[in-house]
$ cat my_file11.cif   # mmCIF, C-alpha atoms
data_protein
#
loop_
_atom_site.label_atom_id
_atom_site.label_comp_id
_atom_site.auth_asym_id
_atom_site.auth_seq_id
_atom_site.Cartn_x
_atom_site.Cartn_y
_atom_site.Cartn_z
CA MET A 4 0.00 0.00 0.00
CA ALA A 5 2.55 2.53 1.12
CA GLY A 6 4.64 1.26 -1.79
CA SER A 7 2.17 2.50 -4.38
CA ALA A 8 1.70 5.82 -2.56
CA LEU A 9 5.45 6.33 -2.63
CA ARG A 10 5.69 5.47 -6.32
CA ARG A 11 2.94 7.91 -7.13
CA LEU A 12 4.45 10.71 -5.01
CA MET A 13 7.83 10.23 -6.68
CA ALA A 14 6.20 10.42 -10.13
CA GLU A 15 4.36 13.60 -9.16
CA TYR A 16 7.53 15.16 -7.75
CA LYS A 17 9.42 14.40 -10.96
CA GLN A 18 6.64 15.89 -13.06
CA LEU A 19 6.51 19.05 -10.92
CA THR A 20 10.29 19.45 -11.20
CA LEU A 21 10.38 18.96 -14.97
CA ASN A 22 7.31 21.09 -15.72
CA PRO A 23 6.77 23.44 -12.81
CA PRO A 24 3.56 25.48 -13.04
CA GLU A 25 4.18 29.23 -12.94
CA GLY A 26 4.69 30.58 -9.44
CA ILE A 27 4.79 27.19 -7.70
CA VAL A 28 7.68 25.18 -6.27
CA ALA A 29 6.96 21.99 -4.34
CA GLY A 30 8.72 18.86 -3.18
CA PRO A 31 9.52 16.61 -0.23
CA ILE A 32 11.20 18.36 2.70
CA SER A 33 13.65 15.48 2.92
CA GLU A 34 14.35 12.69 0.41
CA ASP A 35 13.93 10.25 3.33
CA ASN A 36 10.26 11.04 3.71
CA PHE A 37 8.11 11.56 0.63
CA PHE A 38 4.97 11.96 2.74
CA GLU A 39 5.83 15.50 3.89
CA TRP A 40 6.26 18.22 1.32
CA GLU A 41 6.94 21.91 1.39
CA ALA A 42 5.47 24.22 -1.22
CA LEU A 43 6.23 27.83 -2.05
CA ILE A 44 3.42 29.71 -3.70
CA ALA A 45 3.79 33.12 -5.32
CA GLY A 46 0.89 35.51 -4.73
CA PRO A 47 -0.97 35.85 -8.06
CA ASP A 48 -0.31 39.02 -10.09
CA GLY A 49 -2.96 41.71 -9.96
CA THR A 50 -4.25 40.58 -6.56
CA CYS A 51 -3.63 41.89 -3.05
CA PHE A 52 -1.26 38.94 -2.48
CA GLU A 53 0.94 39.91 -5.48
CA GLY A 54 4.66 39.80 -4.75
CA GLY A 55 4.38 37.55 -1.69
CA VAL A 56 5.95 34.10 -1.47
CA PHE A 57 3.89 31.88 0.84
CA PRO A 58 5.35 28.69 2.35
CA ALA A 59 3.06 25.76 3.10
CA LYS A 60 3.31 22.15 4.22
CA LEU A 61 1.54 19.18 2.64
CA ILE A 62 1.07 15.98 4.64
CA PHE A 63 0.12 12.87 2.66
CA PRO A 64 -1.81 9.92 4.19
CA PRO A 65 -0.46 6.34 3.78
CA ASP A 66 -3.34 5.56 1.38
CA TYR A 67 -2.61 8.54 -0.91
CA PRO A 68 -3.95 9.04 -3.61
CA LEU A 69 -7.12 7.27 -2.46
CA SER A 70 -7.39 9.96 0.24
CA PRO A 71 -6.23 13.57 -0.17
CA PRO A 72 -3.31 15.25 1.61
CA LYS A 73 -3.75 17.99 4.20
CA MET A 74 -2.30 21.42 3.54
CA LYS A 75 -1.28 24.16 5.94
CA PHE A 76 0.40 27.51 5.39
CA THR A 77 3.36 27.94 7.72
CA CYS A 78 3.45 31.75 7.44
CA GLU A 79 0.92 34.23 8.82
CA MET A 80 -2.17 34.27 6.60
CA PHE A 81 -5.41 36.23 6.54
CA HIS A 82 -7.85 34.78 4.04
CA PRO A 83 -11.51 33.64 4.06
CA ASN A 84 -10.58 30.04 3.14
CA ILE A 85 -7.61 29.58 5.48
CA PHE A 86 -8.08 28.81 9.18
CA SER A 87 -6.19 31.05 11.60
CA ASP A 88 -3.75 28.17 12.22
CA GLY A 89 -2.91 28.04 8.50
CA ARG A 90 -5.00 25.02 7.45
CA VAL A 91 -6.29 25.38 3.91
CA CYS A 92 -9.97 24.71 3.45
CA ILE A 93 -10.91 24.20 -0.19
CA SER A 94 -13.12 21.62 -1.83
CA ILE A 95 -10.38 19.75 -3.74
CA LEU A 96 -8.81 18.75 -0.40
CA HIS A 97 -12.00 16.89 0.54
CA ALA A 98 -13.65 13.80 -0.92
CA PRO A 99 -17.40 14.19 -1.56
CA GLY A 100 -19.33 13.44 1.60
CA ASP A 101 -16.50 14.79 3.74
CA ASP A 102 -18.09 18.18 3.76
CA PRO A 103 -17.04 20.53 6.55
CA MET A 104 -18.03 23.65 4.58
CA ASN A 105 -21.01 22.47 2.52
CA TYR A 106 -19.24 23.01 -0.76
CA GLU A 107 -21.32 23.54 -3.88
CA LEU A 108 -22.15 20.45 -5.92
CA SER A 109 -20.11 21.69 -8.86
CA SER A 110 -16.99 22.40 -6.84
CA GLU A 111 -13.87 20.39 -7.58
CA ARG A 112 -13.46 17.40 -5.24
CA TRP A 113 -10.70 14.99 -4.34
CA SER A 114 -10.51 11.75 -6.29
CA PRO A 115 -7.54 9.47 -6.99
CA VAL A 116 -6.92 11.09 -10.40
CA GLN A 117 -6.39 14.55 -8.89
CA SER A 118 -2.81 15.56 -8.08
CA VAL A 119 -0.58 17.82 -6.01
CA GLU A 120 -0.33 20.11 -9.02
CA LYS A 121 -4.13 20.41 -9.25
CA ILE A 122 -4.30 21.22 -5.52
CA LEU A 123 -1.63 23.92 -5.74
CA LEU A 124 -3.26 25.49 -8.81
CA SER A 125 -6.57 25.54 -6.91
CA VAL A 126 -4.81 27.26 -4.01
CA VAL A 127 -3.44 29.93 -6.37
CA SER A 128 -7.00 30.54 -7.67
CA MET A 129 -8.23 30.62 -4.08
CA LEU A 130 -5.71 33.37 -3.25
CA ALA A 131 -6.87 35.33 -6.30
CA GLU A 132 -10.57 34.75 -5.72
CA PRO A 133 -11.57 33.92 -2.14
CA ASN A 134 -14.84 32.05 -1.69
CA ASP A 135 -16.57 34.11 0.99
CA GLU A 136 -19.51 31.67 1.14
CA SER A 137 -17.48 28.99 2.93
CA GLY A 138 -15.64 30.87 5.59
CA ALA A 139 -12.83 29.07 7.39
CA ASN A 140 -11.89 32.47 8.76
CA VAL A 141 -15.14 34.34 9.25
CA ASP A 142 -13.46 37.63 10.18
CA ALA A 143 -11.49 37.53 6.96
CA ALA A 144 -14.61 36.64 4.97
CA ILE A 145 -16.58 39.56 6.39
CA MET A 146 -13.73 41.98 5.87
CA TRP A 147 -13.22 40.75 2.30
CA ARG A 148 -16.89 41.38 1.60
CA GLU A 149 -17.44 44.65 3.46
CA GLN A 150 -14.11 46.40 3.95
CA ARG A 151 -12.00 45.47 0.95
CA GLU A 152 -9.54 48.33 1.52
CA GLU A 153 -8.80 47.10 5.04
CA PHE A 154 -8.43 43.53 3.79
CA ASN A 155 -5.98 44.64 1.10
CA LYS A 156 -3.91 46.50 3.71
CA ILE A 157 -3.58 43.38 5.88
CA ALA A 158 -2.71 41.32 2.80
CA LYS A 159 0.02 43.84 1.82
CA ARG A 160 1.49 43.64 5.32
CA ILE A 161 1.56 39.81 5.17
CA VAL A 162 3.17 39.96 1.71
CA ARG A 163 5.95 42.19 3.07
CA LYS A 164 6.38 39.87 6.05
CA THR A 165 6.85 36.79 3.80
CA LEU A 166 9.60 38.70 1.99
CA GLY A 167 11.27 39.66 5.27
CA LEU A 168 10.59 43.37 4.69
CA PRO A 169 9.66 45.73 7.54
CA SER A 170 5.86 46.27 7.66
CA MET B 23 -16.87 34.44 16.08
CA ASP B 24 -13.48 33.00 15.34
CA GLU B 25 -13.64 30.79 18.41
CA ASN B 26 -16.94 29.33 17.25
CA THR B 27 -15.56 28.45 13.85
CA GLN B 28 -12.61 26.88 15.54
CA SER B 29 -14.76 24.68 17.77
CA ASP B 30 -17.04 23.75 14.84
CA ALA B 31 -13.97 22.70 12.95
CA ASN B 32 -12.83 20.66 15.94
CA ASN B 33 -16.23 18.96 16.10
CA ASP B 34 -15.92 18.06 12.43
CA GLU B 35 -12.48 16.64 13.17
CA LEU B 36 -13.94 14.58 16.04
CA ILE B 37 -16.75 13.22 13.89
CA LEU B 38 -14.25 12.30 11.19
CA GLN B 39 -11.99 10.63 13.76
CA GLN B 40 -14.89 8.58 15.07
CA GLN B 41 -15.82 7.61 11.52
CA ARG B 42 -12.22 6.49 10.85
CA GLN B 43 -12.32 4.43 14.06
CA ILE B 44 -15.51 2.65 12.96
CA GLU B 45 -13.99 2.02 9.53
CA LYS B 46 -10.86 0.63 11.18
CA GLU B 47 -12.92 -1.78 13.29
CA ILE B 48 -14.82 -2.98 10.21
CA SER B 49 -11.57 -3.50 8.31
CA GLU B 50 -10.05 -5.51 11.14
CA THR B 51 -13.02 -7.87 11.41
CA THR B 52 -14.16 -8.28 7.77
CA PRO B 53 -11.94 -9.45 4.91
CA LEU B 54 -12.19 -7.50 1.63
CA VAL B 55 -13.60 -10.65 0.00
CA SER B 56 -14.45 -13.67 2.17
CA ASP B 57 -14.11 -17.39 1.48
CA LYS B 58 -17.19 -19.15 0.10
CA GLN B 59 -19.95 -19.59 2.66
CA THR B 60 -23.22 -21.50 2.43
CA ILE B 61 -26.34 -19.45 1.75
CA SER B 62 -27.84 -20.52 5.09
CA THR B 63 -25.15 -18.53 6.96
CA LEU B 64 -27.29 -15.50 6.07
CA ASN B 65 -29.96 -16.76 8.49
CA SER B 66 -27.77 -15.93 11.46
CA GLU B 67 -27.93 -12.25 10.47
CA TYR B 68 -31.72 -12.22 10.55
CA ASN B 69 -32.58 -14.36 13.58
CA ASP B 70 -36.30 -14.89 13.43
CA ASP B 71 -37.20 -12.29 10.83
CA ALA B 72 -39.85 -14.17 8.82
CA VAL B 73 -39.61 -12.07 5.66
CA TYR B 74 -35.85 -12.40 5.40
CA CYS B 75 -35.76 -16.08 6.38
CA SER B 76 -38.20 -17.06 3.64
CA LYS B 77 -36.16 -15.04 1.15
CA VAL B 78 -32.93 -16.73 2.26
CA LYS B 79 -34.68 -20.06 1.69
CA ASN B 80 -35.71 -18.96 -1.79
CA LEU B 81 -32.16 -17.78 -2.52
CA ALA B 82 -30.76 -21.15 -1.40
CA GLU B 83 -32.94 -22.88 -4.01
CA LYS B 84 -31.03 -21.09 -6.78
CA TYR B 85 -27.57 -20.54 -5.31
CA ILE B 86 -25.08 -22.83 -3.64
CA SER B 87 -22.82 -20.33 -1.88
CA LEU B 88 -21.77 -16.70 -1.53
CA ARG B 89 -18.72 -14.58 -0.77
CA LYS B 90 -19.19 -11.56 1.46
CA THR B 91 -17.42 -8.30 0.69
CA ARG B 92 -16.35 -5.60 3.11
CA PRO B 93 -19.03 -2.91 3.47
CA ASP B 94 -16.87 0.13 2.66
CA GLY B 95 -18.81 1.80 -0.15
CA ASN B 96 -16.69 -0.02 -2.75
CA CYS B 97 -18.54 -3.31 -2.38
CA PHE B 98 -20.27 -3.23 -5.78
CA PHE B 99 -17.06 -2.63 -7.71
CA ARG B 100 -15.08 -5.14 -5.65
CA ALA B 101 -17.76 -7.83 -5.89
CA PHE B 102 -18.27 -7.20 -9.61
CA ALA B 103 -14.54 -7.32 -10.41
CA TYR B 104 -14.03 -10.51 -8.41
CA GLY B 105 -17.04 -12.25 -9.94
CA TYR B 106 -16.22 -11.19 -13.49
CA LEU B 107 -12.53 -12.15 -13.27
CA GLU B 108 -13.51 -15.55 -11.83
CA TYR B 109 -15.68 -16.05 -14.91
CA LEU B 110 -12.97 -14.82 -17.29
CA VAL B 111 -10.26 -17.05 -15.81
CA LYS B 112 -12.48 -19.99 -16.76
CA ASN B 113 -13.42 -18.66 -20.22
CA LYS B 114 -10.30 -18.11 -22.30
CA ASP B 115 -11.93 -16.51 -25.38
CA ASP B 116 -13.77 -13.91 -23.35
CA TYR B 117 -10.63 -13.36 -21.28
CA GLU B 118 -8.58 -12.52 -24.41
CA LYS B 119 -11.18 -10.04 -25.63
CA PHE B 120 -11.39 -8.50 -22.17
CA ARG B 121 -7.62 -8.15 -21.85
CA ASP B 122 -7.42 -6.43 -25.23
CA LEU B 123 -10.23 -4.05 -24.27
CA VAL B 124 -8.61 -3.10 -20.95
CA GLN B 125 -5.21 -2.70 -22.60
CA LYS B 126 -6.71 -0.11 -24.97
CA ALA B 127 -8.76 1.56 -22.25
CA LYS B 128 -5.91 3.74 -21.00
CA ASP B 129 -5.44 5.62 -24.29
CA LYS B 130 -9.19 5.97 -24.60
CA LEU B 131 -9.49 7.50 -21.11
CA VAL B 132 -6.53 9.84 -21.76
CA LYS B 133 -8.27 11.00 -24.96
CA GLN B 134 -11.37 11.68 -22.88
CA GLY B 135 -9.34 14.02 -20.70
CA PHE B 136 -8.19 11.86 -17.76
CA PRO B 137 -4.65 12.88 -16.76
CA GLU B 138 -2.16 10.22 -17.90
CA LEU B 139 0.20 10.81 -14.96
CA THR B 140 -2.40 9.92 -12.35
CA LEU B 141 -4.28 7.29 -14.42
CA GLU B 142 -1.20 5.19 -15.17
CA ASP B 143 -0.67 3.44 -11.81
CA PHE B 144 -4.27 2.23 -11.68
CA HIS B 145 -4.17 0.91 -15.24
CA ASP B 146 -0.78 -0.78 -14.70
CA THR B 147 -2.00 -2.49 -11.52
CA PHE B 148 -5.19 -3.67 -13.20
CA MET B 149 -3.24 -5.11 -16.15
CA ASP B 150 -0.83 -6.75 -13.71
CA VAL B 151 -3.72 -8.47 -11.91
CA ILE B 152 -5.30 -9.63 -15.19
CA ASP B 153 -1.97 -11.12 -16.32
CA ARG B 154 -1.30 -12.82 -13.02
CA VAL B 155 -4.55 -14.79 -13.24
CA ALA B 156 -4.44 -15.52 -17.00
CA PRO B 157 -6.24 -18.80 -17.85
CA SER B 158 -3.92 -21.80 -17.79
CA GLU B 159 -3.79 -25.57 -17.25
CA ASN B 160 -4.00 -25.08 -13.52
CA ASN B 161 -6.94 -22.78 -12.99
CA GLU B 162 -7.22 -23.70 -9.35
CA GLU B 163 -3.95 -21.85 -8.75
CA ASN B 164 -5.19 -18.82 -10.71
CA LEU B 165 -8.33 -18.64 -8.64
CA GLN B 166 -6.28 -18.80 -5.44
CA GLU B 167 -4.04 -16.00 -6.75
CA LEU B 168 -7.16 -13.96 -7.58
CA HIS B 169 -8.45 -14.40 -4.04
CA LYS B 170 -5.09 -13.43 -2.58
CA LEU B 171 -4.79 -10.26 -4.73
CA PHE B 172 -8.33 -9.16 -3.91
CA ASN B 173 -7.53 -9.38 -0.21
CA GLU B 174 -4.37 -7.29 -0.49
CA GLN B 175 -5.56 -3.75 0.10
CA GLY B 176 -3.07 -2.20 -2.33
CA TYR B 177 -4.13 -4.33 -5.32
CA SER B 178 -7.77 -4.56 -4.35
CA ASP B 179 -8.31 -0.81 -3.99
CA TYR B 180 -6.43 0.01 -7.21
CA ILE B 181 -8.71 -2.43 -9.06
CA VAL B 182 -11.69 -0.55 -7.64
CA VAL B 183 -10.26 2.83 -8.67
CA PHE B 184 -9.63 1.66 -12.22
CA LEU B 185 -13.19 0.34 -12.58
CA ARG B 186 -14.52 3.62 -11.21
CA LEU B 187 -12.55 5.49 -13.89
CA MET B 188 -13.83 3.18 -16.64
CA THR B 189 -17.37 3.69 -15.37
CA SER B 190 -16.85 7.44 -15.45
CA GLY B 191 -15.42 7.22 -18.98
CA GLN B 192 -18.45 5.25 -20.17
CA LEU B 193 -20.94 7.62 -18.53
CA GLN B 194 -19.23 10.63 -20.11
CA GLU B 195 -19.00 8.97 -23.51
CA GLU B 196 -22.76 8.47 -23.49
CA ALA B 197 -23.59 11.56 -21.47
CA ASP B 198 -26.72 12.35 -23.54
CA PHE B 199 -28.21 8.96 -22.71
CA PHE B 200 -27.16 8.70 -19.06
CA PHE B 201 -28.16 12.29 -18.31
CA ASN B 202 -31.78 11.09 -18.17
CA PHE B 203 -31.00 8.86 -15.19
CA ILE B 204 -29.42 11.28 -12.78
CA GLU B 205 -31.31 13.34 -10.26
CA GLY B 206 -30.87 17.00 -9.45
CA ASP B 207 -29.42 19.57 -11.77
CA CYS B 208 -25.85 18.47 -12.23
CA THR B 209 -24.08 17.50 -15.43
CA ILE B 210 -22.86 13.93 -16.07
CA GLN B 211 -19.31 15.16 -15.55
CA GLU B 212 -20.17 16.65 -12.15
CA PHE B 213 -21.99 13.43 -11.26
CA CYS B 214 -18.86 11.42 -12.15
CA HIS B 215 -16.62 13.68 -10.06
CA GLN B 216 -19.00 13.44 -7.09
CA GLU B 217 -20.43 9.94 -7.20
CA VAL B 218 -18.26 7.71 -9.39
CA GLU B 219 -14.55 8.57 -9.32
CA PRO B 220 -13.98 9.06 -5.56
CA MET B 221 -13.38 5.95 -3.45
CA TYR B 222 -15.98 4.75 -0.92
CA LYS B 223 -18.94 6.28 -2.82
CA GLU B 224 -21.75 3.74 -3.14
CA SER B 225 -22.97 2.51 -6.50
CA ASP B 226 -26.39 2.69 -8.06
CA HIS B 227 -28.05 1.20 -11.17
CA ILE B 228 -26.41 3.80 -13.37
CA HIS B 229 -22.92 2.64 -12.28
CA ILE B 230 -23.84 -1.00 -12.97
CA ILE B 231 -25.26 -0.28 -16.41
CA ALA B 232 -22.19 1.76 -17.39
CA ILE B 233 -19.50 -0.70 -16.22
CA CYS B 234 -21.34 -3.68 -17.79
CA LYS B 235 -21.41 -1.80 -21.08
CA ALA B 236 -17.75 -0.73 -20.81
CA LEU B 237 -16.51 -4.27 -20.12
CA ASN B 238 -19.11 -6.39 -22.01
CA ALA B 239 -20.18 -7.98 -18.74
CA ASN B 240 -23.63 -9.35 -17.89
CA VAL B 241 -24.68 -9.07 -14.29
CA ARG B 242 -27.64 -10.58 -12.48
CA VAL B 243 -28.50 -8.88 -9.20
CA GLU B 244 -30.75 -10.70 -6.73
CA TYR B 245 -32.59 -8.17 -4.60
CA MET B 246 -33.32 -9.14 -1.02
CA ASP B 247 -35.09 -6.56 1.14
CA ARG B 248 -38.14 -6.16 3.35
CA ALA B 249 -40.50 -5.78 0.39
CA ASP B 250 -43.60 -8.01 0.31
CA GLY B 251 -43.35 -11.59 -0.88
CA ASP B 252 -41.19 -14.55 0.02
CA LYS B 253 -38.93 -14.51 -3.05
CA VAL B 254 -35.81 -12.58 -3.99
CA MET B 255 -36.17 -10.50 -7.16
CA ALA B 256 -33.65 -10.93 -9.97
CA HIS B 257 -32.68 -8.14 -12.33
CA ASP B 258 -30.29 -8.54 -15.27
CA PHE B 259 -27.96 -5.87 -16.62
CA PRO B 260 -28.34 -5.75 -19.59
CA GLU B 261 -31.66 -7.58 -19.78
CA VAL B 262 -31.13 -9.54 -22.99
CA ASN B 263 -27.93 -11.47 -22.22
CA LYS B 264 -27.12 -14.55 -20.18
CA PRO B 265 -25.52 -13.37 -16.94
CA ASN B 266 -21.92 -14.26 -16.09
CA VAL B 267 -21.68 -12.40 -12.76
CA PHE B 268 -24.18 -12.97 -9.93
CA LEU B 269 -24.54 -10.53 -7.06
CA LEU B 270 -26.72 -10.38 -3.99
CA TYR B 271 -28.06 -6.94 -3.09
CA ARG B 272 -29.28 -6.15 0.39
CA PRO B 273 -30.06 -2.49 1.14
CA GLY B 274 -26.75 -0.67 0.82
CA HIS B 275 -24.58 -3.71 0.13
CA TYR B 276 -23.45 -6.17 -2.57
CA ASP B 277 -22.02 -9.70 -2.13
CA ILE B 278 -21.03 -12.37 -4.70
CA LEU B 279 -23.32 -15.34 -5.43
CA TYR B 280 -22.60 -18.79 -6.94
CA PRO B 281 -25.52 -20.40 -8.84
CA LYS B 282 -26.27 -24.12 -8.53
#

$ encode --input "my_file11.cif" --output "structure tokens"
Amino acid sequence: MAGSALRRLMAEYKQLTLNPPEGIVAGPISEDNFFEWEALIAGPDGTCFEGGVFPAKLIFPPDYPLSPPKMKFTCEMFHPNIFSDGRVCISILHAPGDDPMNYELSSERWSPVQSVEKILLSVVSMLAEPNDESGANVDAAIMWREQREEFNKIAKRIVRKTLGLPS
Amino acid sequence: MDENTQSDANNDELILQQQRQIEKEISETTPLVSDKQTISTLNSEYNDDAVYCSKVKNLAEKYISLRKTRPDGNCFFRAFAYGYLEYLVKNKDDYEKFRDLVQKAKDKLVKQGFPELTLEDFHDTFMDVIDRVAPSENNEENLQELHKLFNEQGYSDYIVVFLRLMTSGQLQEEADFFFNFIEGDCTIQEFCHQEVEPMYKESDHIHIIAICKALNANVRVEYMDRADGDKVMAHDFPEVNKPNVFLLYRPGHYDILYPK
């Protein structure tokens, strides 16, 4: 079982290294353990997260890809779909039926043919277009909806922080 | 506000944990596919329930034994694959046609838009299983190998995933036809992403019709529930052909049957 998960993770790592999607770097933290990855995600251009580089961890279950990995940002984040402890809450990280946020029927779900690349691309879209219907961080969701200027200011500060610049 | 969300999230985590625990207990006590058992063993599940007992009796008139499958939401696909491969191992001509069809299925699915990178492992494992049980002089050994592979989680689950993908491919290929059979306002593609491709999602008639069509299989399902009457009800998919796979359906679950 773990054998096939490992084979699959190695294949995905190779693919991501040979053809990295724009603004995304990802791979195992150590070659000894393919079940823990680090990813660096560039804030999408033209959004309030532009210019930032956001580190995150991905933890894969032993039965990957039958079950999805978990993903958590390791830097400070303020976003409607990210819990205050950094956990990412989007539909592709959940199989149908495992429904903490009552995702829409049409939303992309986890299945064994999805991939790390698909997850990371979904996270980039999530940064660009938060889903304020399913709030993992309700404060962020309300601010995104009602006080966009304030939200953008916080985002700018977090961007500077990820770059190690004074806020 | 934030605290509430946090505790809701923790509740969700707890519910999930409990669910995992139940699943773990089931997996430790039930094999993925059991050895053959006599039909009368079903009686012990129903004690003195008159309706069920008379239906078990009726079932025993037509079938000699059954294999139980683990109730994990994959039971239809696992039972179907086991039953169909058992038939194919004993029928060389059909086996050859089937092998050829599955061999070509990967390119077909890739053309339909399934990502090759993530499809490959499932297809390779399925081909590996088919080759390891190829019909030969000593079929008894092949059938033992089949039973062993279906009880190794790694092989068994990859077989299920591949059949789910073939089912999805068939449904999408004939989306105009199958669209009439789904409820709610989702597209066939959405239905496949939600109800077919993910593991542990239960199967319905539409899954059975699609996989039978994709693999040229003929399945007879014997329905046993609390409905009136003292007989089990048989339904064939598709209706015109002689069945080569026999399944028992009890609400929410499929097992494998062996006719007399």

$ resolve_selection --input "my_file11.cif" --expression "the PyMOL selection byres ((chain A and resi 114) around 6)" --output "mmCIF file with C-alpha atoms, in the coordinates of the input"
data_model
loop_
_atom_site.group_PDB
_atom_site.id
_atom_site.type_symbol
_atom_site.label_atom_id
_atom_site.label_comp_id
_atom_site.auth_asym_id
_atom_site.auth_seq_id
_atom_site.Cartn_x
_atom_site.Cartn_y
_atom_site.Cartn_z
ATOM 1 C CA TRP A 113 -10.700 14.990 -4.340
ATOM 2 C CA PRO A 115 -7.540 9.470 -6.990
ATOM 3 C CA VAL A 116 -6.920 11.090 -10.400
ATOM 4 C CA GLN A 117 -6.390 14.550 -8.890
ATOM 5 C CA GLU B 219 -14.550 8.570 -9.320
ATOM 6 C CA PRO B 220 -13.980 9.060 -5.560
#

$ resolve_selection --input "my_file11.cif" --expression "the PyMOL selection byres ((chain A) within 8 of (chain B))" --output "PyMOL selection string"
chain A and resi 4+7+11+14-15+69+98-99+103+108-109+111-118+139-142

$ residues_around --input "my_file11.cif" --residues "Leu12 of chain A" --least-positions-apart "6" --cutoff "12 Å" --atoms "only C-alpha atoms" --output "ChimeraX atom specification"
/A:5-6,18-19,29-31,34,36-40,61-68,72,118-120 /B:139-140,143

$ resolve_selection --input "my_file11.cif" --expression "the PyMOL selection byres ((chain B and resi 48-62) around 9)" --output "PyMOL selection string"
chain B and resi 43-47+63-66+78-79+81-82+85-94+97+100-101+104+169+172-175+178+277-280

$ residues_near_point --input "my_file11.cif" --point "(-44.7, -5.4, 7.4)" --cutoff "12 Å" --atoms "all atoms listed in the file" --output "PDB file with C-alpha atoms, in the coordinates of the input"
ATOM      1  CA  ASP B  71     -37.200 -12.290  10.830  1.00  0.00           C
ATOM      2  CA  ALA B  72     -39.850 -14.170   8.820  1.00  0.00           C
ATOM      3  CA  VAL B  73     -39.610 -12.070   5.660  1.00  0.00           C
ATOM      4  CA  TYR B  74     -35.850 -12.400   5.400  1.00  0.00           C
ATOM      5  CA  ASP B 247     -35.090  -6.560   1.140  1.00  0.00           C
ATOM      6  CA  ARG B 248     -38.140  -6.160   3.350  1.00  0.00           C
ATOM      7  CA  ALA B 249     -40.500  -5.780   0.390  1.00  0.00           C
ATOM      8  CA  ASP B 250     -43.600  -8.010   0.310  1.00  0.00           C
ATOM      9  CA  GLY B 251     -43.350 -11.590  -0.880  1.00  0.00           C
TER      10      GLY B 251
END

$ atom_distance --input "my_file11.cif" --atom1 "atom CA of Phe148 of chain B" --atom2 "atom CA of Leu96 of chain A"
26.1 Å
